[in-house]
Amino acid sequence: MHALENAVRAEIEDLHRFFVDWFTGRAELSTLNTILLSALDEDLLFVSPDGHRLNRDALVEGFLAGHGTNPDFRIAIRDVEIQHDLGNHVLATYTEWQRGARMSAQSENARRTSVLMTRQAPFRWLSVHETWPPEEARSTSSFDF
């Protein structure tokens, strides 16, 4: 499981590095297809921390609108764990810490995330569900990244 956990952690961290590069404007527009769309399953379901359900097309539309709009945006990924190894798929959880987030009510925020993805590279993200952690977890954690 150690090798699988390392591969899943790297996938999660790499995709979130792309998010930072995208929203800060460091990523070229062409990388939306080669990095993001290649990772997201066509039938992806994304549930935001507020409970909004988005399909892949709606999520991509938001990314297109947000390219380069947030030059101070930063993300740190913590607590990656594989919850279930399901043969061809894996359910992983992690916490995503954001700093300088313009699209959130709080510019410093966190999300607890569950992701169902294919088990092997190239990984395909099938379902993502984010929730807000309790306020005390957010307020006592470090945004020093």
# chains A, B, ... in the order shown; residues from 1 in each chain; ligands from 1
call {"tool": "select_by_dssp", "arguments": {"residues": "range 28-139 of chain A", "states": "strand (DSSP E)", "output": "ChimeraX atom specification"}}
result
/A:40-47,53-55,74-85,89-99,109-118,125-131
call {"tool": "residues_around", "arguments": {"residues": "range 34-45 of chain A", "least_positions_apart": "4", "cutoff": "12 Å", "atoms": "only C-alpha atoms", "output": "PyMOL selection string"}}
result
chain A and resi 11-12+14-19+21-22+27-30+51-61+63-64+114-118+120-130
call {"tool": "write_last_selection", "arguments": {"atoms": "N, CA and C atoms", "output": "compact mmCIF listing (two decimals), in the first residue's frame"}}
result
# COMPACT_ATOMS: atom_id res chain seq x y z
N GLU A 11 -0.22 12.34 -7.14
CA GLU A 11 -1.28 12.76 -8.06
C GLU A 11 -2.06 13.94 -7.49
N ILE A 12 -2.45 13.85 -6.23
CA ILE A 12 -3.22 14.92 -5.59
C ILE A 12 -2.39 16.20 -5.52
N ASP A 14 0.24 17.05 -7.36
CA ASP A 14 0.53 17.57 -8.70
C ASP A 14 -0.67 18.32 -9.27
N LEU A 15 -1.87 17.75 -9.11
CA LEU A 15 -3.04 18.42 -9.66
C LEU A 15 -3.31 19.75 -8.94
N HIS A 16 -3.07 19.79 -7.64
CA HIS A 16 -3.28 21.03 -6.92
C HIS A 16 -2.19 22.07 -7.22
N ARG A 17 -0.99 21.62 -7.55
CA ARG A 17 0.04 22.56 -8.03
C ARG A 17 -0.43 23.20 -9.34
N PHE A 18 -1.05 22.38 -10.18
CA PHE A 18 -1.62 22.93 -11.41
C PHE A 18 -2.70 23.96 -11.10
N PHE A 19 -3.56 23.68 -10.11
CA PHE A 19 -4.60 24.65 -9.74
C PHE A 19 -3.97 26.00 -9.38
N ASP A 21 -0.99 27.14 -10.28
CA ASP A 21 -0.43 27.73 -11.49
C ASP A 21 -1.53 28.30 -12.39
N TRP A 22 -2.64 27.63 -12.46
CA TRP A 22 -3.75 28.08 -13.30
C TRP A 22 -4.33 29.40 -12.79
N ALA A 27 0.19 29.06 -15.55
CA ALA A 27 -0.05 27.96 -16.48
C ALA A 27 -0.59 28.51 -17.81
N GLU A 28 -0.13 27.95 -18.88
CA GLU A 28 -0.62 28.32 -20.20
C GLU A 28 -2.04 27.76 -20.39
N LEU A 29 -2.85 28.45 -21.19
CA LEU A 29 -4.22 28.00 -21.45
C LEU A 29 -4.26 26.58 -22.01
N SER A 30 -3.28 26.22 -22.81
CA SER A 30 -3.27 24.89 -23.43
C SER A 30 -3.14 23.77 -22.39
N GLY A 51 -22.06 22.26 -0.83
CA GLY A 51 -23.04 21.28 -1.26
C GLY A 51 -23.50 21.41 -2.70
N HIS A 52 -22.91 22.32 -3.47
CA HIS A 52 -23.27 22.45 -4.89
C HIS A 52 -22.68 21.29 -5.68
N ARG A 53 -23.49 20.69 -6.51
CA ARG A 53 -23.06 19.58 -7.36
C ARG A 53 -22.71 20.12 -8.75
N LEU A 54 -21.51 19.80 -9.19
CA LEU A 54 -21.06 20.24 -10.51
C LEU A 54 -20.60 19.03 -11.31
N ASN A 55 -20.92 19.06 -12.60
CA ASN A 55 -20.34 18.04 -13.47
C ASN A 55 -19.03 18.57 -14.04
N ARG A 56 -18.38 17.76 -14.83
CA ARG A 56 -17.07 18.14 -15.38
C ARG A 56 -17.15 19.42 -16.19
N ASP A 57 -18.17 19.57 -17.03
CA ASP A 57 -18.28 20.75 -17.88
C ASP A 57 -18.41 22.02 -17.05
N ALA A 58 -19.23 21.98 -16.01
CA ALA A 58 -19.41 23.16 -15.15
C ALA A 58 -18.12 23.49 -14.41
N LEU A 59 -17.41 22.48 -13.98
CA LEU A 59 -16.14 22.71 -13.28
C LEU A 59 -15.12 23.34 -14.23
N VAL A 60 -15.05 22.83 -15.44
CA VAL A 60 -14.11 23.38 -16.43
C VAL A 60 -14.48 24.81 -16.79
N GLU A 61 -15.77 25.10 -16.88
CA GLU A 61 -16.22 26.47 -17.16
C GLU A 61 -15.70 27.43 -16.08
N PHE A 63 -13.04 26.97 -14.24
CA PHE A 63 -11.59 27.09 -14.40
C PHE A 63 -11.27 28.09 -15.51
N LEU A 64 -11.97 28.00 -16.62
CA LEU A 64 -11.71 28.93 -17.72
C LEU A 64 -11.92 30.38 -17.28
N SER A 114 -12.72 14.07 -0.14
CA SER A 114 -12.70 12.64 -0.49
C SER A 114 -12.69 12.57 -2.01
N VAL A 115 -11.82 11.72 -2.54
CA VAL A 115 -11.75 11.56 -3.99
C VAL A 115 -11.76 10.07 -4.33
N LEU A 116 -12.60 9.73 -5.29
CA LEU A 116 -12.62 8.38 -5.85
C LEU A 116 -11.92 8.49 -7.20
N MET A 117 -10.87 7.71 -7.37
CA MET A 117 -10.11 7.76 -8.62
C MET A 117 -9.70 6.36 -9.04
N THR A 118 -9.31 6.25 -10.29
CA THR A 118 -8.78 4.98 -10.74
C THR A 118 -7.51 4.68 -9.95
N GLN A 120 -4.57 3.28 -10.87
CA GLN A 120 -3.25 3.35 -11.49
C GLN A 120 -3.12 4.58 -12.37
N ALA A 121 -1.88 5.01 -12.52
CA ALA A 121 -1.60 6.12 -13.42
C ALA A 121 -1.76 5.63 -14.86
N PRO A 122 -2.29 6.44 -15.75
CA PRO A 122 -2.75 7.79 -15.46
C PRO A 122 -4.06 7.76 -14.68
N PHE A 123 -4.06 8.44 -13.56
CA PHE A 123 -5.24 8.47 -12.70
C PHE A 123 -6.38 9.22 -13.37
N ARG A 124 -7.60 8.79 -13.10
CA ARG A 124 -8.80 9.50 -13.54
C ARG A 124 -9.63 9.79 -12.30
N TRP A 125 -9.95 11.05 -12.08
CA TRP A 125 -10.76 11.47 -10.94
C TRP A 125 -12.23 11.28 -11.30
N LEU A 126 -12.93 10.43 -10.54
CA LEU A 126 -14.32 10.10 -10.83
C LEU A 126 -15.30 10.91 -10.00
N SER A 127 -14.96 11.14 -8.74
CA SER A 127 -15.85 11.85 -7.83
C SER A 127 -15.01 12.58 -6.79
N VAL A 128 -15.38 13.83 -6.52
CA VAL A 128 -14.69 14.64 -5.52
C VAL A 128 -15.76 15.27 -4.63
N HIS A 129 -15.58 15.13 -3.33
CA HIS A 129 -16.54 15.71 -2.39
C HIS A 129 -15.75 16.48 -1.33
N GLU A 130 -16.00 17.79 -1.24
CA GLU A 130 -15.32 18.65 -0.28
C GLU A 130 -16.29 19.07 0.82
call {"tool": "select_by_dssp", "arguments": {"residues": "range 26-96 of chain A", "states": "alpha helix (DSSP H)", "output": "list of chain:residue names"}}
result
A:Thr31, A:Ser38, A:Ala39, A:Arg56, A:Asp57, A:Ala58, A:Leu59, A:Val60, A:Glu61, A:Gly62, A:Phe63, A:Leu64, A:Ala65, A:Gly66
call {"tool": "closest_residue", "arguments": {"among": "A:Arg111, A:His84, A:Arg9, A:Arg74", "to": "Pro49 in chain A", "atoms": "only C-alpha atoms"}}
result
A:Arg111
call {"tool": "closest_residue", "arguments": {"among": "A:Ala10, A:Ala76, A:Leu4, A:Ala110", "to": "Thr131 in chain A", "atoms": "only C-alpha atoms"}}
result
A:Ala110
call {"tool": "closest_residue", "arguments": {"among": "A:His2, A:Phe46, A:Gln106, A:Gly62", "to": "Asp85 in chain A", "atoms": "only C-alpha atoms"}}
result
A:His2
call {"tool": "residues_around", "arguments": {"residues": "Ser107 in chain A", "least_positions_apart": "6", "cutoff": "12 Å", "atoms": "only C-alpha atoms", "output": "list in words"}}
result
Asn70, Asp72, Phe73, Arg74, Ile75, Trp97, Gln98, Arg99, Gly100, Ala101, Arg138 and Phe143 of chain A
call {"tool": "atom_distance", "arguments": {"atom1": "CA of Gly87 in chain A", "atom2": "CA of Glu5 in chain A"}}
result
14.0 Å
call {"tool": "closest_residue", "arguments": {"among": "A:Asp144, A:Glu136, A:Asp50, A:Asp79", "to": "Ser104 in chain A", "atoms": "only C-alpha atoms"}}
result
A:Asp50
